$ cat structure-v2.cif   # mmCIF, C-alpha atoms and all ligand atoms
data_target
loop_
_atom_site.label_atom_id
_atom_site.label_comp_id
_atom_site.auth_asym_id
_atom_site.auth_seq_id
_atom_site.Cartn_x
_atom_site.Cartn_y
_atom_site.Cartn_z
CA MET H 27 -3.45 19.43 41.63
CA ASN H 28 -6.30 16.97 42.02
CA TYR H 29 -8.97 16.60 39.39
CA LEU H 30 -11.87 18.26 41.19
CA ASN H 31 -9.74 21.29 41.97
CA PHE H 32 -8.62 21.36 38.38
CA ILE H 33 -12.20 21.45 37.13
CA ALA H 34 -13.39 23.95 39.71
CA MET H 35 -10.51 26.30 38.93
CA SER H 36 -10.39 25.95 35.20
CA VAL H 37 -14.02 26.15 34.14
CA PRO H 38 -14.57 29.83 34.92
CA THR H 39 -11.06 31.11 34.20
CA ASP H 40 -9.51 28.85 31.61
CA GLY H 41 -11.93 27.64 28.97
CA THR H 42 -9.14 26.27 26.79
CA GLY H 43 -7.74 24.22 29.67
CA PHE H 44 -11.19 22.85 30.32
CA THR H 45 -11.52 21.64 26.70
CA PHE H 46 -8.24 19.71 27.11
CA TRP H 47 -9.65 18.02 30.20
CA LEU H 48 -13.00 17.33 28.53
CA GLY H 49 -11.23 16.05 25.41
CA ALA H 50 -9.11 13.63 27.44
CA MET H 51 -12.22 12.21 29.14
CA ALA H 52 -14.19 11.90 25.91
CA MET H 53 -11.29 10.17 24.15
CA MET H 54 -10.84 7.75 27.05
CA ALA H 55 -14.53 6.90 27.20
CA ALA H 56 -14.62 6.37 23.43
CA SER H 57 -11.58 4.06 23.62
CA VAL H 58 -13.22 1.86 26.25
CA PHE H 59 -16.35 1.72 24.12
CA PHE H 60 -14.51 0.74 20.92
CA PHE H 61 -12.29 -1.82 22.62
CA LEU H 62 -15.19 -3.51 24.42
CA SER H 63 -17.29 -3.54 21.25
CA MET H 64 -14.68 -5.70 19.53
CA ASN H 65 -16.12 -8.78 21.18
CA SER H 66 -19.61 -8.31 19.83
CA VAL H 67 -18.93 -7.83 16.12
CA ASP H 68 -18.14 -10.11 13.22
CA ALA H 69 -14.46 -11.17 13.21
CA LYS H 70 -13.74 -9.31 9.95
CA TRP H 71 -14.43 -5.92 11.57
CA ARG H 72 -12.43 -6.48 14.77
CA THR H 73 -9.23 -4.89 13.49
CA SER H 74 -11.17 -1.83 12.32
CA LEU H 75 -12.63 -1.36 15.80
CA LEU H 76 -9.22 -1.94 17.36
CA VAL H 77 -7.83 0.86 15.20
CA SER H 78 -10.76 3.14 16.18
CA GLY H 79 -9.92 2.53 19.82
CA LEU H 80 -6.20 3.11 19.26
CA ILE H 81 -6.89 6.46 17.59
CA THR H 82 -8.91 7.77 20.55
CA PHE H 83 -6.55 6.17 23.08
CA ILE H 84 -3.44 7.81 21.58
CA ALA H 85 -5.34 11.10 21.59
CA ALA H 86 -6.40 10.65 25.25
CA VAL H 87 -2.76 10.26 26.31
CA HIS H 88 -1.66 13.31 24.33
CA TYR H 89 -4.55 15.35 25.73
CA MET H 90 -3.28 14.72 29.25
CA TYR H 91 0.17 15.96 28.26
CA MET H 92 -1.31 18.95 26.43
CA ARG H 93 -3.54 19.81 29.38
CA ASP H 94 -0.51 19.93 31.66
CA ALA H 95 1.60 21.87 29.16
CA HIS H 96 -1.20 24.39 28.69
CA ALA H 97 -1.71 24.73 32.47
CA ALA H 98 2.02 25.43 32.83
CA GLY H 99 1.84 28.09 30.11
CA ASP H 100 3.91 26.04 27.66
CA SER H 101 3.29 25.44 23.97
CA THR H 102 1.25 22.36 23.02
CA THR H 103 2.38 22.33 19.38
CA VAL H 104 4.81 19.42 19.56
CA PHE H 105 2.39 17.15 21.48
CA ARG H 106 -0.37 18.13 19.06
CA TYR H 107 1.59 17.16 15.97
CA VAL H 108 3.02 13.98 17.49
CA ASP H 109 -0.59 12.97 18.23
CA TRP H 110 -1.69 13.77 14.66
CA ILE H 111 1.27 12.09 12.98
CA LEU H 112 0.23 8.87 14.76
CA THR H 113 -3.56 9.13 14.54
CA VAL H 114 -4.12 10.54 11.04
CA PRO H 115 -2.23 7.68 9.34
CA LEU H 116 -4.36 5.30 11.43
CA MET H 117 -7.43 6.97 9.93
CA CYS H 118 -5.95 6.20 6.51
CA VAL H 119 -5.61 2.60 7.65
CA GLU H 120 -9.34 2.65 8.49
CA PHE H 121 -10.16 3.53 4.88
CA TYR H 122 -8.02 0.64 3.74
CA LEU H 123 -9.52 -1.87 6.22
CA ILE H 124 -13.06 -0.95 5.24
CA LEU H 125 -12.33 -1.15 1.52
CA LYS H 126 -10.33 -4.36 1.75
CA VAL H 127 -13.53 -6.32 1.09
CA ALA H 128 -13.63 -4.61 -2.32
CA GLY H 129 -9.98 -5.37 -3.04
CA ALA H 130 -8.23 -2.25 -1.69
CA THR H 131 -4.48 -2.48 -2.07
CA LYS H 132 -1.79 -1.49 0.40
CA SER H 133 -0.51 0.94 -2.22
CA MET H 134 -3.72 2.98 -1.85
CA MET H 135 -3.23 2.99 1.91
CA TRP H 136 0.39 4.12 1.62
CA LYS H 137 -0.58 6.90 -0.77
CA LEU H 138 -3.09 8.24 1.76
CA ILE H 139 -0.50 7.93 4.53
CA LEU H 140 2.14 9.68 2.44
CA TRP H 141 -0.06 12.70 1.65
CA SER H 142 -1.36 12.96 5.20
CA THR H 143 2.25 13.00 6.40
CA VAL H 144 3.08 15.77 3.93
CA MET H 145 0.00 17.68 5.15
CA LEU H 146 1.08 17.40 8.79
CA VAL H 147 4.82 18.00 8.40
CA THR H 148 4.24 21.18 6.37
CA GLY H 149 1.59 22.26 8.92
CA PHE H 150 4.09 21.69 11.72
CA PHE H 151 6.70 23.83 9.97
CA GLY H 152 4.06 26.54 9.66
CA GLU H 153 3.37 26.56 13.40
CA PHE H 154 6.80 25.86 14.84
CA ASN H 155 8.83 28.97 15.65
CA GLY H 156 6.31 31.24 13.94
CA GLY H 157 6.68 29.39 10.65
CA SER H 158 10.27 30.55 10.25
CA ALA H 159 11.54 27.32 8.65
CA LEU H 160 13.14 28.01 5.23
CA GLY H 161 11.84 31.56 5.55
CA LEU H 162 8.49 30.58 4.05
CA GLY H 163 6.13 31.80 6.78
CA PRO H 164 2.89 30.24 8.07
CA ALA H 165 0.74 31.24 5.08
CA MET H 166 3.03 29.48 2.59
CA TRP H 167 3.39 26.35 4.74
CA GLY H 168 -0.38 26.34 5.25
CA LEU H 169 -0.90 26.51 1.49
CA LEU H 170 1.38 23.50 0.91
CA SER H 171 -0.40 21.61 3.68
CA GLY H 172 -3.76 22.56 2.17
CA ALA H 173 -2.70 21.20 -1.22
CA ALA H 174 -1.91 17.80 0.33
CA TYR H 175 -5.24 17.94 2.18
CA PHE H 176 -7.14 18.57 -1.07
CA TYR H 177 -5.40 15.64 -2.69
CA ILE H 178 -6.51 13.35 0.15
CA ALA H 179 -10.07 14.67 -0.15
CA TYR H 180 -9.89 14.07 -3.92
CA MET H 181 -8.76 10.46 -3.41
CA VAL H 182 -11.60 9.60 -1.06
CA TRP H 183 -14.27 11.55 -2.99
CA PHE H 184 -13.38 10.78 -6.62
CA GLY H 185 -10.22 8.72 -6.79
CA GLU H 186 -9.18 5.15 -6.17
CA ALA H 187 -10.83 4.88 -2.75
CA LYS H 188 -14.17 6.10 -4.08
CA LYS H 189 -14.15 3.58 -6.94
CA LEU H 190 -13.53 0.72 -4.54
CA ALA H 191 -16.34 1.91 -2.28
CA VAL H 192 -18.77 1.97 -5.20
CA SER H 193 -17.78 -1.53 -6.24
CA ALA H 194 -18.25 -2.76 -2.64
CA GLY H 195 -21.71 -1.17 -2.43
CA GLY H 196 -24.12 -1.57 0.49
CA ALA H 197 -23.08 -0.75 4.04
CA VAL H 198 -19.40 -0.43 3.09
CA GLU H 199 -20.13 2.23 0.48
CA LYS H 200 -22.36 4.08 2.94
CA ALA H 201 -19.67 4.02 5.63
CA HIS H 202 -17.06 5.19 3.12
CA ASN H 203 -19.25 8.08 2.02
CA THR H 204 -19.80 9.19 5.62
CA LEU H 205 -16.04 9.05 6.27
CA ALA H 206 -15.51 11.10 3.09
CA TRP H 207 -17.80 13.80 4.54
CA PHE H 208 -15.71 13.77 7.71
CA VAL H 209 -12.61 14.38 5.61
CA LEU H 210 -14.23 17.22 3.66
CA VAL H 211 -16.09 19.02 6.45
CA GLY H 212 -14.68 17.67 9.71
CA TRP H 213 -11.04 18.01 8.68
CA ALA H 214 -11.68 21.54 7.38
CA ILE H 215 -11.98 22.61 11.03
CA TYR H 216 -8.18 22.32 11.31
CA PRO H 217 -7.11 24.88 8.70
CA LEU H 218 -9.59 27.24 10.38
CA GLY H 219 -7.82 26.75 13.72
CA TYR H 220 -4.47 27.23 11.96
CA MET H 221 -5.57 30.54 10.46
CA LEU H 222 -6.76 31.76 13.87
CA GLY H 223 -3.48 30.83 15.51
CA THR H 224 -0.83 31.87 12.99
CA GLU H 225 0.11 35.13 11.29
CA GLY H 226 -0.72 35.69 7.63
CA TRP H 227 -2.93 37.50 5.13
CA TYR H 228 -5.85 35.89 6.97
CA SER H 229 -5.05 37.36 10.40
CA GLY H 230 -8.09 39.66 10.23
CA LEU H 231 -10.16 36.52 10.77
CA ASN H 232 -9.47 36.93 14.48
CA ASP H 233 -11.65 40.04 14.49
CA ILE H 234 -14.60 38.04 13.18
CA ILE H 235 -14.14 34.74 15.03
CA SER H 236 -12.45 35.08 18.35
CA LEU H 237 -11.49 31.53 19.29
CA ASP H 238 -8.32 30.03 20.68
CA MET H 239 -6.58 27.80 18.14
CA ASN H 240 -6.40 24.99 20.69
CA VAL H 241 -10.15 25.09 21.27
CA VAL H 242 -10.77 24.77 17.53
CA TYR H 243 -8.30 21.88 17.25
CA ASN H 244 -9.87 20.17 20.28
CA VAL H 245 -13.34 20.42 18.75
CA GLY H 246 -11.94 19.07 15.46
CA ASP H 247 -10.36 16.10 17.23
CA ALA H 248 -13.51 15.22 19.14
CA VAL H 249 -15.66 15.40 16.01
CA ASN H 250 -13.25 13.50 13.78
CA LYS H 251 -11.65 10.89 16.02
CA ILE H 252 -14.80 9.86 17.83
CA GLY H 253 -16.94 10.37 14.73
CA PHE H 254 -14.70 8.20 12.53
CA GLY H 255 -14.79 5.48 15.17
CA LEU H 256 -18.57 5.57 15.40
CA VAL H 257 -18.94 5.26 11.62
CA VAL H 258 -16.74 2.15 11.75
CA TYR H 259 -18.72 0.81 14.73
CA ASN H 260 -21.95 1.38 12.86
CA LEU H 261 -20.63 -0.56 9.87
CA ALA H 262 -19.38 -3.39 12.10
CA VAL H 263 -22.78 -3.91 13.74
CA SER H 264 -24.75 -3.47 10.51
CA LYS H 265 -24.31 -7.03 9.26
C1 LIG H 301 -7.16 13.33 14.70
C2 LIG H 301 -6.55 14.39 14.00
C3 LIG H 301 -6.88 14.80 12.74
C4 LIG H 301 -7.99 14.19 11.95
C5 LIG H 301 -6.13 15.89 12.22
C6 LIG H 301 -6.27 16.43 11.02
C7 LIG H 301 -5.51 17.56 10.66
C8 LIG H 301 -5.64 18.28 9.50
C9 LIG H 301 -6.61 17.90 8.43
C10 LIG H 301 -4.80 19.45 9.35
C11 LIG H 301 -4.74 20.22 8.27
C12 LIG H 301 -3.97 21.46 8.08
C13 LIG H 301 -4.20 22.14 6.88
C14 LIG H 301 -5.08 21.59 5.80
C15 LIG H 301 -3.57 23.47 6.58
C16 LIG H 301 -2.99 24.13 7.78
C17 LIG H 301 -2.18 23.19 8.59
C18 LIG H 301 -2.99 22.00 9.12
C19 LIG H 301 -1.95 20.94 9.48
C20 LIG H 301 -3.73 22.46 10.39
#

$ encode --input "structure-v2.cif" --output "structure tokens" --more "lines below"
Ligand SMILES: *C/C=C(C)/C=C/C=C(C)/C=C/C1=C(C)CCCC1(C)C
Amino acid sequence: MNYLNFIAMSVPTDGTGFTFWLGAMAMMAASVFFFLSMNSVDAKWRTSLLVSGLITFIAAVHYMYMRDAHAAGDSTTVFRYVDWILTVPLMCVEFYLILKVAGATKSMMWKLILWSTVMLVTGFFGEFNGGSALGLGPAMWGLLSGAAYFYIAYMVWFGEAKKLAVSAGGAVEKAHNTLAWFVLVGWAIYPLGYMLGTEGWYSGLNDIISLDMNVVYNVGDAVNKIGFGLVVYNLAVSK
């Protein structure tokens, strides 16, 4: 199916499919922007911008696979989590790269990566096969995932990462604080999508908010992946 047909057919009848298409385009455009911006910033920020571009580029590729899977009526769960398991650790790397000027250690970076991996693997078990792994069910897996998420938020808001940001001060501290808001508010979009798409004590939520889980995840990705990149871009051009 060619692109124009895809748009014309999907907009009125398949809103979810359209958000996959839109997401792929937005991620691609953002990648081009971040990659090209590398040439016009101070050398010390180039790797950070490279990582921003890689995050949106990896997402763009997965969005094309997810769009096709969705159009064929297949599950997108595996593509979704493969995307996240690659891009979320790269976001942890962004925290490290920004805070390196203040003496951030690789051990801080690995801690963030470890807990984000725990968050995603437990989330995957909650979604795969109706959360049947180990007989725990989606609500229990979601709780474990949420605990890892809170620990990450704690680290960037009050822990090691925060202390380094304060000692760096200036534009670095500002950028760190904005990224911390993304983690607290932007990342909270995902557990909402999870609760709308899995079965648990929270299933009544569907009567209040009627949104497809994929739409919520797609909005979360656009906000967080492009948003994170723009914060880094802003820091890179600030001095
Ligand atoms: C680019 C992708 C990003 C930033 C993905 C972030 C994903 C999360 C913060 C997911 C969190 C989840 C919970 C906190 C509980 C329920 C299961 C998850 C995996 C949806």

$ residues_around --input "structure-v2.cif" --residues "stretch 144-146 of chain H" --least-positions-apart "4" --cutoff "9 Å" --atoms "only C-alpha atoms" --output "list in words"
Tyr107, Trp110, Ile111, Val114, Ile139, Leu140, Phe150, Phe151, Gly168, Leu170, Ser171, Gly172, Ala173, Ala174 and Tyr175 of chain H

$ residues_near_point --input "structure-v2.cif" --point "(-19.2, 10.8, 0.9)" --cutoff "10 Å" --atoms "only C-alpha atoms" --output "list in words"
Ala179, Val182, Trp183, Phe184, Lys188, Ala191, Glu199, Lys200, Ala201, His202, Asn203, Thr204, Leu205, Ala206, Trp207, Phe208, Val209 and Leu210 of chain H

$ residues_around --input "structure-v2.cif" --residues "H:Tyr220" --least-positions-apart "4" --cutoff "10 Å" --atoms "all atoms listed in the file" --output "VMD selection string"
chain H and resid 149 152 to 153 164 to 165 168 215 to 216 224 to 225 238 to 240 242 to 243

$ atom_distance --input "structure-v2.cif" --atom1 "atom CA of H:Val257" --atom2 "atom CA of H:Met92"
26.8 Å

$ atom_distance --input "structure-v2.cif" --atom1 "atom CA of H:Glu120" --atom2 "atom CA of H:Ser57"
15.4 Å

$ atom_distance --input "structure-v2.cif" --atom1 "atom CA of H:Phe83" --atom2 "atom CA of H:Asp247"
12.1 Å

$ residues_around --input "structure-v2.cif" --residues "H:Gly79" --least-positions-apart "3" --cutoff "10 Å" --atoms "only C-alpha atoms" --output "short mmCIF file (atom, residue, chain, number, x, y, z; two decimals) with C-alpha atoms, in the frame of the given file"
data_model
loop_
_atom_site.label_atom_id
_atom_site.label_comp_id
_atom_site.auth_asym_id
_atom_site.auth_seq_id
_atom_site.Cartn_x
_atom_site.Cartn_y
_atom_site.Cartn_z
CA MET H 53 -11.29 10.17 24.15
CA MET H 54 -10.84 7.75 27.05
CA ALA H 55 -14.53 6.90 27.20
CA ALA H 56 -14.62 6.37 23.43
CA SER H 57 -11.58 4.06 23.62
CA VAL H 58 -13.22 1.86 26.25
CA PHE H 59 -16.35 1.72 24.12
CA PHE H 60 -14.51 0.74 20.92
CA PHE H 61 -12.29 -1.82 22.62
CA LEU H 62 -15.19 -3.51 24.42
CA SER H 63 -17.29 -3.54 21.25
CA MET H 64 -14.68 -5.70 19.53
CA THR H 73 -9.23 -4.89 13.49
CA SER H 74 -11.17 -1.83 12.32
CA LEU H 75 -12.63 -1.36 15.80
CA LEU H 76 -9.22 -1.94 17.36
CA THR H 82 -8.91 7.77 20.55
CA PHE H 83 -6.55 6.17 23.08
CA ILE H 84 -3.44 7.81 21.58
CA ALA H 85 -5.34 11.10 21.59
CA LYS H 251 -11.65 10.89 16.02
CA ILE H 252 -14.80 9.86 17.83
CA GLY H 255 -14.79 5.48 15.17
#

$ decode --input "structure-v2.cif" --residues "stretch 49-64 of chain H" --atoms "all heavy atoms" --output "short mmCIF file (atom, residue, chain, number, x, y, z; two decimals), in the first residue's frame"
data_model
loop_
_atom_site.label_atom_id
_atom_site.label_comp_id
_atom_site.auth_asym_id
_atom_site.auth_seq_id
_atom_site.Cartn_x
_atom_site.Cartn_y
_atom_site.Cartn_z
N GLY H 49 3.87 9.14 14.27
CA GLY H 49 5.01 8.95 15.15
C GLY H 49 6.28 8.67 14.36
O GLY H 49 7.33 9.23 14.65
N ALA H 50 6.17 7.81 13.35
CA ALA H 50 7.35 7.48 12.54
C ALA H 50 7.90 8.73 11.86
O ALA H 50 9.11 8.98 11.86
CB ALA H 50 6.98 6.42 11.49
N MET H 51 7.01 9.55 11.32
CA MET H 51 7.44 10.78 10.63
C MET H 51 8.11 11.75 11.61
O MET H 51 9.14 12.34 11.33
CB MET H 51 6.23 11.50 9.99
CG MET H 51 5.61 10.77 8.85
SD MET H 51 6.82 10.46 7.56
CE MET H 51 6.56 8.73 7.35
N ALA H 52 7.47 11.94 12.77
CA ALA H 52 7.99 12.88 13.76
C ALA H 52 9.36 12.42 14.25
O ALA H 52 10.29 13.23 14.39
CB ALA H 52 7.02 13.01 14.93
N MET H 53 9.52 11.13 14.48
CA MET H 53 10.80 10.60 14.96
C MET H 53 11.88 10.75 13.89
O MET H 53 13.03 11.07 14.19
CB MET H 53 10.66 9.11 15.32
CG MET H 53 9.72 8.82 16.47
SD MET H 53 10.30 9.45 18.06
CE MET H 53 8.92 8.96 19.10
N MET H 54 11.50 10.54 12.63
CA MET H 54 12.48 10.70 11.55
C MET H 54 12.92 12.15 11.42
O MET H 54 14.11 12.44 11.31
CB MET H 54 11.86 10.23 10.22
CG MET H 54 12.30 8.85 9.84
SD MET H 54 11.82 8.50 8.16
CE MET H 54 10.31 7.65 8.45
N ALA H 55 11.95 13.05 11.44
CA ALA H 55 12.26 14.47 11.31
C ALA H 55 13.17 14.91 12.46
O ALA H 55 14.17 15.62 12.26
CB ALA H 55 10.98 15.29 11.29
N ALA H 56 12.84 14.46 13.67
CA ALA H 56 13.64 14.83 14.84
C ALA H 56 15.07 14.30 14.69
O ALA H 56 16.03 15.00 15.02
CB ALA H 56 12.99 14.29 16.11
N SER H 57 15.21 13.08 14.18
CA SER H 57 16.56 12.49 14.01
C SER H 57 17.40 13.34 13.07
O SER H 57 18.56 13.65 13.36
CB SER H 57 16.47 11.08 13.44
OG SER H 57 15.61 10.30 14.21
N VAL H 58 16.81 13.73 11.94
CA VAL H 58 17.55 14.57 10.98
C VAL H 58 17.99 15.86 11.67
O VAL H 58 19.14 16.28 11.55
CB VAL H 58 16.66 14.87 9.74
CG1 VAL H 58 17.33 15.90 8.84
CG2 VAL H 58 16.36 13.59 8.98
N PHE H 59 17.06 16.45 12.41
CA PHE H 59 17.37 17.69 13.11
C PHE H 59 18.53 17.52 14.10
O PHE H 59 19.49 18.30 14.09
CB PHE H 59 16.12 18.20 13.84
CG PHE H 59 16.36 19.43 14.66
CD1 PHE H 59 16.45 20.69 14.06
CD2 PHE H 59 16.51 19.34 16.04
CE1 PHE H 59 16.69 21.83 14.82
CE2 PHE H 59 16.75 20.48 16.81
CZ PHE H 59 16.84 21.72 16.19
N PHE H 60 18.48 16.48 14.91
CA PHE H 60 19.53 16.29 15.92
C PHE H 60 20.88 15.96 15.26
O PHE H 60 21.91 16.48 15.68
CB PHE H 60 19.15 15.20 16.93
CG PHE H 60 17.95 15.56 17.77
CD1 PHE H 60 16.93 14.64 17.99
CD2 PHE H 60 17.84 16.83 18.34
CE1 PHE H 60 15.81 14.98 18.76
CE2 PHE H 60 16.72 17.17 19.11
CZ PHE H 60 15.70 16.23 19.31
N PHE H 61 20.85 15.11 14.25
CA PHE H 61 22.11 14.76 13.58
C PHE H 61 22.74 15.98 12.92
O PHE H 61 23.94 16.23 13.05
CB PHE H 61 21.88 13.65 12.55
CG PHE H 61 21.61 12.28 13.15
CD1 PHE H 61 20.72 11.40 12.55
CD2 PHE H 61 22.26 11.87 14.32
CE1 PHE H 61 20.46 10.14 13.11
CE2 PHE H 61 22.01 10.62 14.88
CZ PHE H 61 21.11 9.76 14.27
N LEU H 62 21.93 16.77 12.21
CA LEU H 62 22.49 17.93 11.52
C LEU H 62 22.98 18.99 12.50
O LEU H 62 23.92 19.73 12.21
CB LEU H 62 21.47 18.54 10.55
CG LEU H 62 21.14 17.67 9.33
CD1 LEU H 62 20.13 18.39 8.42
CD2 LEU H 62 22.40 17.32 8.54
N SER H 63 22.34 19.07 13.67
CA SER H 63 22.73 20.08 14.65
C SER H 63 24.10 19.78 15.26
O SER H 63 24.74 20.68 15.83
CB SER H 63 21.72 20.15 15.79
OG SER H 63 20.45 20.45 15.29
N MET H 64 24.55 18.55 15.13
CA MET H 64 25.84 18.19 15.72
C MET H 64 26.98 19.07 15.24
O MET H 64 27.90 19.37 15.99
CB MET H 64 26.19 16.72 15.40
CG MET H 64 25.41 15.71 16.21
SD MET H 64 25.72 14.04 15.63
CE MET H 64 27.45 13.85 16.08
#
